[in-house]
$ cat start_12.cif   # mmCIF, N, CA and C atoms
data_my_file
#
loop_
_atom_site.label_atom_id
_atom_site.label_comp_id
_atom_site.auth_asym_id
_atom_site.auth_seq_id
_atom_site.Cartn_x
_atom_site.Cartn_y
_atom_site.Cartn_z
N MET A 676 40.59 8.44 -5.52
CA MET A 676 39.42 9.30 -5.62
C MET A 676 38.41 8.70 -6.60
N LYS A 677 38.88 8.20 -7.76
CA LYS A 677 37.98 7.59 -8.73
C LYS A 677 37.32 6.35 -8.15
N LYS A 678 38.10 5.60 -7.38
CA LYS A 678 37.58 4.38 -6.78
C LYS A 678 36.47 4.71 -5.78
N LEU A 679 36.66 5.74 -4.98
CA LEU A 679 35.66 6.18 -4.01
C LEU A 679 34.39 6.63 -4.72
N LEU A 680 34.54 7.38 -5.80
CA LEU A 680 33.40 7.84 -6.58
C LEU A 680 32.65 6.65 -7.17
N PHE A 681 33.37 5.68 -7.69
CA PHE A 681 32.75 4.48 -8.25
C PHE A 681 31.96 3.71 -7.18
N ILE A 682 32.56 3.53 -6.03
CA ILE A 682 31.90 2.79 -4.94
C ILE A 682 30.64 3.52 -4.49
N THR A 683 30.73 4.83 -4.34
CA THR A 683 29.57 5.62 -3.92
C THR A 683 28.45 5.52 -4.95
N THR A 684 28.80 5.64 -6.21
CA THR A 684 27.81 5.54 -7.29
C THR A 684 27.18 4.16 -7.32
N PHE A 685 27.99 3.13 -7.13
CA PHE A 685 27.49 1.76 -7.12
C PHE A 685 26.50 1.55 -5.98
N ILE A 686 26.83 2.02 -4.79
CA ILE A 686 25.95 1.85 -3.63
C ILE A 686 24.62 2.56 -3.85
N ILE A 687 24.68 3.78 -4.34
CA ILE A 687 23.46 4.55 -4.58
C ILE A 687 22.60 3.88 -5.65
N SER A 688 23.21 3.46 -6.74
CA SER A 688 22.43 2.82 -7.81
C SER A 688 21.90 1.46 -7.38
N SER A 689 22.64 0.74 -6.56
CA SER A 689 22.18 -0.55 -6.07
C SER A 689 20.97 -0.39 -5.17
N SER A 690 21.01 0.58 -4.27
CA SER A 690 19.88 0.77 -3.38
C SER A 690 18.67 1.27 -4.15
N TYR A 691 18.89 2.07 -5.19
CA TYR A 691 17.79 2.54 -6.01
C TYR A 691 17.18 1.38 -6.79
N ALA A 692 18.02 0.54 -7.32
CA ALA A 692 17.54 -0.57 -8.14
C ALA A 692 16.76 -1.59 -7.32
N THR A 693 17.05 -1.73 -6.04
CA THR A 693 16.37 -2.71 -5.24
C THR A 693 15.12 -2.16 -4.56
N SER A 694 14.95 -0.85 -4.55
CA SER A 694 13.74 -0.31 -3.93
C SER A 694 12.58 -0.50 -4.89
N GLN A 695 11.53 -1.08 -4.38
CA GLN A 695 10.36 -1.39 -5.19
C GLN A 695 9.12 -0.84 -4.51
N ASN A 696 8.19 -0.43 -5.33
CA ASN A 696 6.92 0.00 -4.79
C ASN A 696 5.98 -1.19 -4.70
N LEU A 697 5.03 -1.06 -3.80
CA LEU A 697 4.03 -2.09 -3.59
C LEU A 697 2.69 -1.60 -4.12
N HIS A 698 2.01 -2.46 -4.86
CA HIS A 698 0.76 -2.10 -5.50
C HIS A 698 -0.35 -3.04 -5.04
N LEU A 699 -1.55 -2.52 -5.02
CA LEU A 699 -2.71 -3.27 -4.55
C LEU A 699 -3.63 -3.59 -5.73
N TYR A 700 -4.04 -4.86 -5.82
CA TYR A 700 -4.96 -5.30 -6.86
C TYR A 700 -6.11 -6.04 -6.20
N GLY A 701 -7.33 -5.69 -6.61
CA GLY A 701 -8.51 -6.32 -6.02
C GLY A 701 -9.49 -6.77 -7.08
N GLY A 702 -10.69 -7.05 -6.61
CA GLY A 702 -11.74 -7.56 -7.48
C GLY A 702 -11.77 -9.08 -7.41
N SER A 703 -12.82 -9.66 -7.93
CA SER A 703 -12.96 -11.12 -7.84
C SER A 703 -11.88 -11.86 -8.61
N ASP A 704 -11.30 -11.20 -9.64
CA ASP A 704 -10.22 -11.83 -10.41
C ASP A 704 -8.89 -11.05 -10.27
N TYR A 705 -8.84 -10.12 -9.33
CA TYR A 705 -7.64 -9.31 -9.03
C TYR A 705 -7.17 -8.47 -10.21
N SER A 706 -8.09 -8.05 -11.05
CA SER A 706 -7.74 -7.24 -12.21
C SER A 706 -7.95 -5.73 -11.99
N VAL A 707 -8.46 -5.37 -10.82
CA VAL A 707 -8.73 -3.96 -10.53
C VAL A 707 -7.56 -3.36 -9.75
N TYR A 708 -6.94 -2.36 -10.35
CA TYR A 708 -5.82 -1.68 -9.68
C TYR A 708 -6.39 -0.77 -8.59
N LEU A 709 -5.86 -0.90 -7.37
CA LEU A 709 -6.35 -0.12 -6.23
C LEU A 709 -5.32 0.86 -5.70
N GLY A 710 -4.18 1.00 -6.36
CA GLY A 710 -3.22 2.02 -5.99
C GLY A 710 -1.91 1.50 -5.45
N CYS A 711 -1.01 2.44 -5.26
CA CYS A 711 0.34 2.17 -4.75
C CYS A 711 0.37 2.41 -3.25
N LEU A 712 0.85 1.42 -2.50
CA LEU A 712 0.86 1.50 -1.04
C LEU A 712 1.96 2.38 -0.47
N ASP A 713 3.07 2.50 -1.17
CA ASP A 713 4.20 3.23 -0.59
C ASP A 713 4.77 4.31 -1.51
N CYS A 714 3.98 4.74 -2.49
CA CYS A 714 4.38 5.85 -3.36
C CYS A 714 4.16 7.17 -2.63
N SER A 715 4.76 8.22 -3.14
CA SER A 715 4.58 9.56 -2.60
C SER A 715 3.10 9.91 -2.53
N ARG A 716 2.73 10.67 -1.54
CA ARG A 716 1.32 11.06 -1.41
C ARG A 716 0.89 12.04 -2.50
N PHE A 717 1.84 12.50 -3.30
CA PHE A 717 1.52 13.37 -4.42
C PHE A 717 1.42 12.61 -5.74
N ASP A 718 1.78 11.35 -5.73
CA ASP A 718 1.71 10.50 -6.92
C ASP A 718 0.24 10.20 -7.22
N SER A 719 -0.15 10.30 -8.47
CA SER A 719 -1.55 10.07 -8.83
C SER A 719 -2.00 8.63 -8.57
N LYS A 720 -1.06 7.69 -8.47
CA LYS A 720 -1.39 6.29 -8.21
C LYS A 720 -1.41 5.94 -6.72
N SER A 721 -1.05 6.87 -5.87
CA SER A 721 -0.88 6.60 -4.45
C SER A 721 -2.20 6.51 -3.68
N ILE A 722 -2.28 5.56 -2.76
CA ILE A 722 -3.44 5.47 -1.87
C ILE A 722 -3.43 6.62 -0.87
N TRP A 723 -2.32 7.34 -0.80
CA TRP A 723 -2.17 8.46 0.14
C TRP A 723 -2.55 9.80 -0.48
N ASN A 724 -2.87 9.82 -1.77
CA ASN A 724 -3.24 11.05 -2.47
C ASN A 724 -4.77 11.23 -2.39
N ALA A 725 -5.21 12.11 -1.49
CA ALA A 725 -6.64 12.31 -1.25
C ALA A 725 -7.38 12.86 -2.47
N PHE A 726 -6.65 13.34 -3.47
CA PHE A 726 -7.27 13.89 -4.67
C PHE A 726 -7.17 12.94 -5.86
N GLY A 727 -6.57 11.79 -5.66
CA GLY A 727 -6.39 10.83 -6.74
C GLY A 727 -7.44 9.73 -6.71
N ASP A 728 -7.44 8.93 -7.76
CA ASP A 728 -8.41 7.84 -7.88
C ASP A 728 -8.26 6.77 -6.80
N TYR A 729 -7.11 6.67 -6.21
CA TYR A 729 -6.85 5.58 -5.26
C TYR A 729 -6.79 6.05 -3.80
N GLY A 730 -6.84 7.35 -3.59
CA GLY A 730 -6.79 7.88 -2.24
C GLY A 730 -8.01 8.68 -1.85
N SER A 731 -8.85 9.01 -2.82
CA SER A 731 -10.05 9.80 -2.55
C SER A 731 -11.11 8.97 -1.84
N SER A 732 -11.75 9.57 -0.86
CA SER A 732 -12.82 8.87 -0.15
C SER A 732 -14.10 8.78 -0.98
N PHE A 733 -14.07 9.33 -2.20
CA PHE A 733 -15.23 9.30 -3.09
C PHE A 733 -15.02 8.38 -4.30
N SER A 734 -13.83 7.87 -4.48
CA SER A 734 -13.51 7.08 -5.67
C SER A 734 -13.96 5.63 -5.52
N ASN A 735 -14.39 5.04 -6.63
CA ASN A 735 -14.79 3.63 -6.63
C ASN A 735 -13.61 2.68 -6.56
N THR A 736 -12.39 3.21 -6.76
CA THR A 736 -11.19 2.37 -6.71
C THR A 736 -10.33 2.70 -5.48
N SER A 737 -10.95 3.23 -4.46
CA SER A 737 -10.21 3.60 -3.25
C SER A 737 -10.61 2.73 -2.06
N ILE A 738 -9.61 2.27 -1.34
CA ILE A 738 -9.87 1.51 -0.12
C ILE A 738 -10.37 2.42 1.01
N TRP A 739 -10.32 3.72 0.79
CA TRP A 739 -10.77 4.69 1.81
C TRP A 739 -12.24 5.09 1.63
N ASN A 740 -12.88 4.64 0.56
CA ASN A 740 -14.29 4.93 0.32
C ASN A 740 -15.12 3.82 0.95
N ASP A 741 -15.72 4.11 2.10
CA ASP A 741 -16.44 3.05 2.82
C ASP A 741 -17.81 2.73 2.20
N LEU A 742 -18.13 3.34 1.07
CA LEU A 742 -19.38 3.05 0.37
C LEU A 742 -19.17 2.23 -0.90
N ASN A 743 -17.95 1.76 -1.13
CA ASN A 743 -17.68 0.96 -2.33
C ASN A 743 -17.23 -0.44 -1.96
N ASN A 744 -16.95 -1.24 -2.97
CA ASN A 744 -16.53 -2.64 -2.76
C ASN A 744 -15.26 -2.77 -1.94
N TYR A 745 -14.35 -1.82 -2.07
CA TYR A 745 -13.01 -1.98 -1.49
C TYR A 745 -12.81 -1.27 -0.16
N GLY A 746 -13.78 -0.47 0.25
CA GLY A 746 -13.65 0.24 1.52
C GLY A 746 -14.70 -0.13 2.56
N ASP A 747 -15.71 -0.85 2.12
CA ASP A 747 -16.80 -1.26 3.01
C ASP A 747 -16.37 -2.47 3.84
N ASP A 748 -16.41 -2.31 5.15
CA ASP A 748 -15.99 -3.38 6.07
C ASP A 748 -16.74 -4.70 5.84
N ASN A 749 -17.93 -4.64 5.28
CA ASN A 749 -18.75 -5.84 5.10
C ASN A 749 -18.64 -6.46 3.72
N ASN A 750 -17.95 -5.80 2.81
CA ASN A 750 -17.83 -6.32 1.45
C ASN A 750 -16.71 -7.36 1.38
N PRO A 751 -16.96 -8.50 0.73
CA PRO A 751 -15.92 -9.55 0.66
C PRO A 751 -14.68 -9.15 -0.13
N LEU A 752 -14.75 -8.06 -0.92
CA LEU A 752 -13.58 -7.61 -1.69
C LEU A 752 -12.73 -6.60 -0.93
N SER A 753 -13.18 -6.22 0.24
CA SER A 753 -12.50 -5.19 1.03
C SER A 753 -11.41 -5.79 1.93
N PRO A 754 -10.29 -5.08 2.04
CA PRO A 754 -9.25 -5.55 2.97
C PRO A 754 -9.69 -5.46 4.43
N TRP A 755 -10.72 -4.67 4.71
CA TRP A 755 -11.17 -4.45 6.08
C TRP A 755 -12.17 -5.50 6.55
N ASN A 756 -12.59 -6.40 5.68
CA ASN A 756 -13.55 -7.45 6.02
C ASN A 756 -12.81 -8.59 6.73
N ALA A 757 -13.19 -8.84 7.97
CA ALA A 757 -12.48 -9.81 8.81
C ALA A 757 -12.73 -11.27 8.45
N VAL A 758 -13.66 -11.54 7.54
CA VAL A 758 -13.93 -12.93 7.15
C VAL A 758 -13.77 -13.16 5.64
N SER A 759 -13.32 -12.15 4.93
CA SER A 759 -13.18 -12.26 3.48
C SER A 759 -12.07 -13.23 3.08
N ASN A 760 -12.32 -13.93 1.98
CA ASN A 760 -11.27 -14.75 1.38
C ASN A 760 -10.91 -14.21 -0.01
N LYS A 761 -11.33 -12.97 -0.32
CA LYS A 761 -11.04 -12.31 -1.60
C LYS A 761 -10.41 -10.94 -1.38
N ALA A 762 -9.59 -10.83 -0.36
CA ALA A 762 -8.93 -9.56 -0.05
C ALA A 762 -7.95 -9.18 -1.15
N PRO A 763 -7.67 -7.87 -1.29
CA PRO A 763 -6.72 -7.43 -2.32
C PRO A 763 -5.32 -8.03 -2.14
N LYS A 764 -4.65 -8.21 -3.27
CA LYS A 764 -3.28 -8.72 -3.29
C LYS A 764 -2.29 -7.56 -3.31
N ILE A 765 -1.17 -7.75 -2.64
CA ILE A 765 -0.07 -6.80 -2.71
C ILE A 765 0.96 -7.39 -3.67
N ILE A 766 1.31 -6.60 -4.69
CA ILE A 766 2.25 -7.04 -5.73
C ILE A 766 3.35 -5.99 -5.85
N ASP A 767 4.62 -6.43 -5.94
CA ASP A 767 5.71 -5.45 -6.10
C ASP A 767 5.89 -5.11 -7.58
N ASP A 768 6.82 -4.20 -7.86
CA ASP A 768 7.05 -3.72 -9.22
C ASP A 768 7.44 -4.82 -10.21
N THR A 769 8.00 -5.91 -9.72
CA THR A 769 8.40 -7.00 -10.61
C THR A 769 7.26 -8.00 -10.84
N GLY A 770 6.12 -7.76 -10.17
CA GLY A 770 4.99 -8.67 -10.31
C GLY A 770 4.95 -9.76 -9.26
N LYS A 771 5.87 -9.71 -8.31
CA LYS A 771 5.93 -10.74 -7.27
C LYS A 771 4.86 -10.50 -6.20
N PHE A 772 4.13 -11.54 -5.88
CA PHE A 772 3.09 -11.51 -4.85
C PHE A 772 3.73 -11.32 -3.48
N GLN A 773 3.24 -10.34 -2.72
CA GLN A 773 3.79 -10.04 -1.40
C GLN A 773 2.81 -10.32 -0.27
N GLY A 774 1.69 -10.93 -0.58
CA GLY A 774 0.69 -11.26 0.44
C GLY A 774 -0.61 -10.52 0.19
N TYR A 775 -1.59 -10.86 1.02
CA TYR A 775 -2.90 -10.21 0.93
C TYR A 775 -2.98 -9.10 1.97
N LEU A 776 -3.62 -7.99 1.59
CA LEU A 776 -3.94 -6.95 2.56
C LEU A 776 -5.31 -7.30 3.09
N THR A 777 -5.35 -7.79 4.32
CA THR A 777 -6.61 -8.30 4.85
C THR A 777 -6.69 -8.22 6.38
N ALA A 778 -7.93 -8.05 6.84
CA ALA A 778 -8.21 -8.08 8.28
C ALA A 778 -8.53 -9.51 8.72
N ASN A 779 -8.59 -10.44 7.77
CA ASN A 779 -8.90 -11.83 8.09
C ASN A 779 -7.63 -12.51 8.63
N PRO A 780 -7.61 -12.80 9.93
CA PRO A 780 -6.40 -13.37 10.53
C PRO A 780 -6.09 -14.79 10.06
N SER A 781 -7.07 -15.48 9.50
CA SER A 781 -6.82 -16.86 9.09
C SER A 781 -6.59 -17.03 7.59
N LEU A 782 -6.59 -15.92 6.84
CA LEU A 782 -6.35 -16.04 5.40
C LEU A 782 -4.90 -16.42 5.15
N LYS A 783 -4.73 -17.52 4.44
CA LYS A 783 -3.39 -17.98 4.11
C LYS A 783 -2.68 -16.91 3.29
N GLU A 784 -1.42 -16.69 3.56
CA GLU A 784 -0.57 -15.71 2.88
C GLU A 784 -0.96 -14.27 3.16
N LYS A 785 -1.57 -14.03 4.31
CA LYS A 785 -1.86 -12.67 4.75
C LYS A 785 -0.53 -11.94 4.93
N SER A 786 -0.45 -10.70 4.47
CA SER A 786 0.78 -9.93 4.68
C SER A 786 0.85 -9.52 6.15
N ASN A 787 1.98 -9.82 6.75
CA ASN A 787 2.22 -9.42 8.14
C ASN A 787 3.25 -8.30 8.21
N SER A 788 3.44 -7.60 7.08
CA SER A 788 4.37 -6.48 7.07
C SER A 788 3.85 -5.40 8.01
N ARG A 789 4.74 -4.57 8.45
CA ARG A 789 4.35 -3.48 9.35
C ARG A 789 3.32 -2.58 8.68
N LEU A 790 3.54 -2.22 7.42
CA LEU A 790 2.61 -1.34 6.72
C LEU A 790 1.22 -1.97 6.60
N ALA A 791 1.15 -3.22 6.18
CA ALA A 791 -0.15 -3.90 6.04
C ALA A 791 -0.86 -4.00 7.39
N THR A 792 -0.12 -4.34 8.42
CA THR A 792 -0.71 -4.45 9.76
C THR A 792 -1.26 -3.12 10.24
N GLU A 793 -0.50 -2.05 10.06
CA GLU A 793 -0.96 -0.71 10.47
C GLU A 793 -2.18 -0.28 9.66
N LEU A 794 -2.18 -0.55 8.35
CA LEU A 794 -3.33 -0.19 7.52
C LEU A 794 -4.59 -0.88 8.01
N VAL A 795 -4.50 -2.17 8.25
CA VAL A 795 -5.67 -2.94 8.70
C VAL A 795 -6.12 -2.48 10.09
N ASN A 796 -5.20 -2.34 11.00
CA ASN A 796 -5.56 -1.99 12.38
C ASN A 796 -6.07 -0.56 12.54
N ASN A 797 -5.66 0.34 11.66
CA ASN A 797 -5.99 1.76 11.83
C ASN A 797 -6.72 2.36 10.63
N HIS A 798 -7.33 1.56 9.78
CA HIS A 798 -7.89 2.08 8.53
C HIS A 798 -8.91 3.20 8.71
N LYS A 799 -9.71 3.17 9.73
CA LYS A 799 -10.71 4.24 9.94
C LYS A 799 -10.01 5.56 10.26
N ALA A 800 -9.04 5.54 11.15
CA ALA A 800 -8.30 6.76 11.50
C ALA A 800 -7.46 7.25 10.33
N ILE A 801 -6.86 6.33 9.60
CA ILE A 801 -6.03 6.70 8.45
C ILE A 801 -6.87 7.42 7.41
N ALA A 802 -8.06 6.93 7.14
CA ALA A 802 -8.94 7.54 6.14
C ALA A 802 -9.28 8.99 6.47
N ARG A 803 -9.29 9.32 7.76
CA ARG A 803 -9.61 10.70 8.19
C ARG A 803 -8.43 11.65 8.05
N ASP A 804 -7.19 11.13 7.99
CA ASP A 804 -6.02 12.01 7.90
C ASP A 804 -4.88 11.30 7.17
N LEU A 805 -5.02 11.19 5.85
CA LEU A 805 -4.03 10.48 5.04
C LEU A 805 -2.63 11.08 5.16
N ALA A 806 -2.53 12.40 5.17
CA ALA A 806 -1.22 13.06 5.20
C ALA A 806 -0.45 12.71 6.47
N LYS A 807 -1.12 12.74 7.61
CA LYS A 807 -0.47 12.43 8.89
C LYS A 807 0.02 10.97 8.90
N TRP A 808 -0.84 10.07 8.47
CA TRP A 808 -0.50 8.66 8.50
C TRP A 808 0.55 8.31 7.45
N TYR A 809 0.51 8.99 6.31
CA TYR A 809 1.55 8.78 5.30
C TYR A 809 2.91 9.11 5.89
N THR A 810 3.00 10.23 6.58
CA THR A 810 4.26 10.63 7.20
C THR A 810 4.69 9.58 8.23
N LYS A 811 3.76 9.13 9.04
CA LYS A 811 4.07 8.16 10.09
C LYS A 811 4.47 6.78 9.54
N LEU A 812 3.72 6.31 8.56
CA LEU A 812 3.92 4.93 8.08
C LEU A 812 4.89 4.77 6.92
N VAL A 813 5.04 5.80 6.10
CA VAL A 813 5.90 5.67 4.93
C VAL A 813 7.16 6.52 5.07
N VAL A 814 7.02 7.81 5.33
CA VAL A 814 8.17 8.70 5.38
C VAL A 814 9.04 8.42 6.62
N ASP A 815 8.45 8.51 7.79
CA ASP A 815 9.24 8.33 9.02
C ASP A 815 9.79 6.91 9.15
N TYR A 816 9.00 5.92 8.75
CA TYR A 816 9.45 4.54 8.85
C TYR A 816 10.64 4.28 7.93
N SER A 817 10.66 4.93 6.76
CA SER A 817 11.77 4.71 5.82
C SER A 817 13.07 5.30 6.32
N LYS A 818 13.00 6.19 7.31
CA LYS A 818 14.21 6.81 7.87
C LYS A 818 14.87 5.91 8.92
N LEU A 819 14.15 4.90 9.38
CA LEU A 819 14.69 4.03 10.44
C LEU A 819 15.83 3.17 9.95
#

$ encode --input "start_12.cif" --output "structure tokens"
Amino acid sequence: MKKLLFITTFIISSSYATSQNLHLYGGSDYSVYLGCLDCSRFDSKSIWNAFGDYGSSFSNTSIWNDLNNYGDDNNPLSPWNAVSNKAPKIIDDTGKFQGYLTANPSLKEKSNSRLATELVNNHKAIARDLAKWYTKLVVDYSKL
């Protein structure tokens, strides 16, 4: 019984220890924090929190604000710009680079993760209904 409890605890703690959140950094020198890509939609750092600095369509640090540097399809700092070479970087909790979030198909080290691809391909629809897309891309996908 003790052995079973130990194994169960080890598995749970191992999976917890290896789960990492992904964060977005932008700007010309990548010093501007743009939010957490896979945090809870209630987390203040989440791009899925419509009331937070990184999920609000009115915030200057939100990829969903199409009137700022990071949400405007024509701005070179935006992930939605198809010719940009200054797209935001995706960084995990340990500081490891996970690729660029970009619509530019020829940018070297573009993230081809499912989440990045869905964000780029559906960013206009996602911005209109963050809660629905959060469930589809983060919650439901994590159950697979």

$ residues_around --input "start_12.cif" --residues "region 783-787 of chain A" --least-positions-apart "5" --cutoff "10 Å" --atoms "only C-alpha atoms" --output "list in words"
Asn760, Ala762, Lys764, Ile765, Phe772, Gln773, Gly774, Tyr775, Leu776, Thr777, Ala778, Thr792 and Glu793 of chain A

$ atom_distance --input "start_12.cif" --atom1 "CA of Lys807 (chain A)" --atom2 "atom C of Asn749 (chain A)"
26.7 Å

$ atom_distance --input "start_12.cif" --atom1 "atom C of Arg789 (chain A)" --atom2 "atom N of Leu742 (chain A)"
23.5 Å

$ residues_near_point --input "start_12.cif" --point "(-7.2, -2.1, 5.4)" --cutoff "7 Å" --atoms "only N, CA and C atoms" --output "list in words"
Ser753, Pro754, Trp755, Asn756, Leu776, Thr777, Ala778, Ala791, Glu793, Leu794, Val795, Asn796, Asn797 and His798 of chain A

$ write_last_selection --input "start_12.cif" --atoms "N, CA and C atoms" --output "short mmCIF file (atom, residue, chain, number, x, y, z; two decimals), keeping the file's coordinate frame"
data_model
loop_
_atom_site.label_atom_id
_atom_site.label_comp_id
_atom_site.auth_asym_id
_atom_site.auth_seq_id
_atom_site.Cartn_x
_atom_site.Cartn_y
_atom_site.Cartn_z
N SER A 753 -13.18 -6.22 0.24
CA SER A 753 -12.50 -5.19 1.03
C SER A 753 -11.41 -5.79 1.93
N PRO A 754 -10.29 -5.08 2.04
CA PRO A 754 -9.25 -5.55 2.97
C PRO A 754 -9.69 -5.46 4.43
N TRP A 755 -10.72 -4.67 4.71
CA TRP A 755 -11.17 -4.45 6.08
C TRP A 755 -12.17 -5.50 6.55
N ASN A 756 -12.59 -6.40 5.68
CA ASN A 756 -13.55 -7.45 6.02
C ASN A 756 -12.81 -8.59 6.73
N LEU A 776 -3.62 -7.99 1.59
CA LEU A 776 -3.94 -6.95 2.56
C LEU A 776 -5.31 -7.30 3.09
N THR A 777 -5.35 -7.79 4.32
CA THR A 777 -6.61 -8.30 4.85
C THR A 777 -6.69 -8.22 6.38
N ALA A 778 -7.93 -8.05 6.84
CA ALA A 778 -8.21 -8.08 8.28
C ALA A 778 -8.53 -9.51 8.72
N ALA A 791 1.15 -3.22 6.18
CA ALA A 791 -0.15 -3.90 6.04
C ALA A 791 -0.86 -4.00 7.39
N GLU A 793 -0.50 -2.05 10.06
CA GLU A 793 -0.96 -0.71 10.47
C GLU A 793 -2.18 -0.28 9.66
N LEU A 794 -2.18 -0.55 8.35
CA LEU A 794 -3.33 -0.19 7.52
C LEU A 794 -4.59 -0.88 8.01
N VAL A 795 -4.50 -2.17 8.25
CA VAL A 795 -5.67 -2.94 8.70
C VAL A 795 -6.12 -2.48 10.09
N ASN A 796 -5.20 -2.34 11.00
CA ASN A 796 -5.56 -1.99 12.38
C ASN A 796 -6.07 -0.56 12.54
N ASN A 797 -5.66 0.34 11.66
CA ASN A 797 -5.99 1.76 11.83
C ASN A 797 -6.72 2.36 10.63
N HIS A 798 -7.33 1.56 9.78
CA HIS A 798 -7.89 2.08 8.53
C HIS A 798 -8.91 3.20 8.71
#

$ closest_residue --input "start_12.cif" --among "A:Asn735, A:Thr810, A:Ser788, A:Asn743" --to "Cys714 (chain A)" --atoms "only C-alpha atoms"
A:Thr810

$ resolve_selection --input "start_12.cif" --expression "the PyMOL selection byres ((chain A and resi 721-729) around 8)" --output "list in words"
Tyr708, Leu709, Gly710, Cys711, Leu712, Asp713, Cys714, Ser715, Arg716, Phe717, Asp718, Ser719, Lys720, Gly730, Ser731, Ser732, Phe733, Ser734, Asn735, Thr736, Ser737, Ile738, Trp739, Asn740, Leu805, Ala806, Trp808 and Tyr809 of chain A

$ closest_residue --input "start_12.cif" --among "A:Gly701, A:Ser781, A:Lys799, A:Thr769" --to "Leu752 (chain A)" --atoms "all atoms listed in the file"
A:Gly701

$ select_by_dssp --input "start_12.cif" --residues "region 680-753 of chain A" --states "alpha helix (DSSP H)" --output "PyMOL selection string"
chain A and resi 680-693

$ closest_residue --input "start_12.cif" --among "A:Leu782, A:Lys771, A:Gly746, A:Tyr705" --to "Val758 (chain A)" --atoms "only N, CA and C atoms"
A:Leu782

$ atom_distance --input "start_12.cif" --atom1 "atom C of Asn744 (chain A)" --atom2 "atom N of Val814 (chain A)"
25.7 Å

$ select_by_dssp --input "start_12.cif" --residues "chain A" --states "strand (DSSP E)" --output "list in words"
Leu697, His698, Leu699, Tyr700, Gly701, Val707, Tyr708, Leu709, Gly710, Cys711, Lys764, Ile765, Ile766, Asp767, Phe772, Gln773, Gly774 and Tyr775 of chain A

$ decode --input "start_12.cif" --residues "region 738-743 of chain A" --atoms "all heavy atoms" --output "PDB file, in the first residue's frame"
ATOM      1  N   ILE A 738      -2.216  41.192 -27.749  1.00  0.00           N
ATOM      2  CA  ILE A 738      -2.204  40.810 -29.162  1.00  0.00           C
ATOM      3  C   ILE A 738      -3.603  40.879 -29.767  1.00  0.00           C
ATOM      4  O   ILE A 738      -3.760  40.778 -30.979  1.00  0.00           O
ATOM      5  CB  ILE A 738      -1.593  39.400 -29.372  1.00  0.00           C
ATOM      6  CG1 ILE A 738      -2.380  38.341 -28.586  1.00  0.00           C
ATOM      7  CG2 ILE A 738      -0.115  39.402 -29.011  1.00  0.00           C
ATOM      8  CD1 ILE A 738      -1.925  36.908 -28.820  1.00  0.00           C
ATOM      9  N   TRP A 739      -4.616  41.081 -28.934  1.00  0.00           N
ATOM     10  CA  TRP A 739      -6.007  41.161 -29.411  1.00  0.00           C
ATOM     11  C   TRP A 739      -6.439  42.601 -29.708  1.00  0.00           C
ATOM     12  O   TRP A 739      -7.527  42.826 -30.195  1.00  0.00           O
ATOM     13  CB  TRP A 739      -6.953  40.531 -28.396  1.00  0.00           C
ATOM     14  CG  TRP A 739      -6.548  39.154 -27.986  1.00  0.00           C
ATOM     15  CD1 TRP A 739      -6.333  38.711 -26.720  1.00  0.00           C
ATOM     16  CD2 TRP A 739      -6.304  38.020 -28.831  1.00  0.00           C
ATOM     17  NE1 TRP A 739      -5.968  37.387 -26.727  1.00  0.00           N
ATOM     18  CE2 TRP A 739      -5.930  36.940 -28.004  1.00  0.00           C
ATOM     19  CE3 TRP A 739      -6.333  37.818 -30.203  1.00  0.00           C
ATOM     20  CZ2 TRP A 739      -5.620  35.678 -28.506  1.00  0.00           C
ATOM     21  CZ3 TRP A 739      -6.013  36.563 -30.702  1.00  0.00           C
ATOM     22  CH2 TRP A 739      -5.670  35.513 -29.866  1.00  0.00           C
ATOM     23  N   ASN A 740      -5.603  43.583 -29.401  1.00  0.00           N
ATOM     24  CA  ASN A 740      -5.914  44.988 -29.679  1.00  0.00           C
ATOM     25  C   ASN A 740      -5.379  45.318 -31.064  1.00  0.00           C
ATOM     26  O   ASN A 740      -4.175  45.511 -31.243  1.00  0.00           O
ATOM     27  CB  ASN A 740      -5.286  45.891 -28.616  1.00  0.00           C
ATOM     28  CG  ASN A 740      -5.553  47.361 -28.863  1.00  0.00           C
ATOM     29  OD1 ASN A 740      -6.035  47.758 -29.917  1.00  0.00           O
ATOM     30  ND2 ASN A 740      -5.234  48.178 -27.881  1.00  0.00           N
ATOM     31  N   ASP A 741      -6.267  45.395 -32.044  1.00  0.00           N
ATOM     32  CA  ASP A 741      -5.814  45.608 -33.423  1.00  0.00           C
ATOM     33  C   ASP A 741      -5.397  47.058 -33.705  1.00  0.00           C
ATOM     34  O   ASP A 741      -5.045  47.397 -34.829  1.00  0.00           O
ATOM     35  CB  ASP A 741      -6.851  45.118 -34.432  1.00  0.00           C
ATOM     36  CG  ASP A 741      -8.181  45.832 -34.322  1.00  0.00           C
ATOM     37  OD1 ASP A 741      -8.331  46.741 -33.491  1.00  0.00           O
ATOM     38  OD2 ASP A 741      -9.096  45.463 -35.090  1.00  0.00           O
ATOM     39  N   LEU A 742      -5.397  47.906 -32.682  1.00  0.00           N
ATOM     40  CA  LEU A 742      -4.959  49.293 -32.842  1.00  0.00           C
ATOM     41  C   LEU A 742      -3.600  49.549 -32.197  1.00  0.00           C
ATOM     42  O   LEU A 742      -3.154  50.688 -32.106  1.00  0.00           O
ATOM     43  CB  LEU A 742      -6.003  50.249 -32.237  1.00  0.00           C
ATOM     44  CG  LEU A 742      -7.402  50.152 -32.848  1.00  0.00           C
ATOM     45  CD1 LEU A 742      -8.362  51.065 -32.104  1.00  0.00           C
ATOM     46  CD2 LEU A 742      -7.365  50.487 -34.338  1.00  0.00           C
ATOM     47  N   ASN A 743      -2.930  48.508 -31.735  1.00  0.00           N
ATOM     48  CA  ASN A 743      -1.613  48.690 -31.108  1.00  0.00           C
ATOM     49  C   ASN A 743      -0.537  47.954 -31.896  1.00  0.00           C
ATOM     50  O   ASN A 743      -0.808  47.301 -32.899  1.00  0.00           O
ATOM     51  CB  ASN A 743      -1.631  48.254 -29.634  1.00  0.00           C
ATOM     52  CG  ASN A 743      -1.615  46.745 -29.445  1.00  0.00           C
ATOM     53  OD1 ASN A 743      -1.483  45.966 -30.392  1.00  0.00           O
ATOM     54  ND2 ASN A 743      -1.746  46.305 -28.214  1.00  0.00           N
TER      55      ASN A 743
END
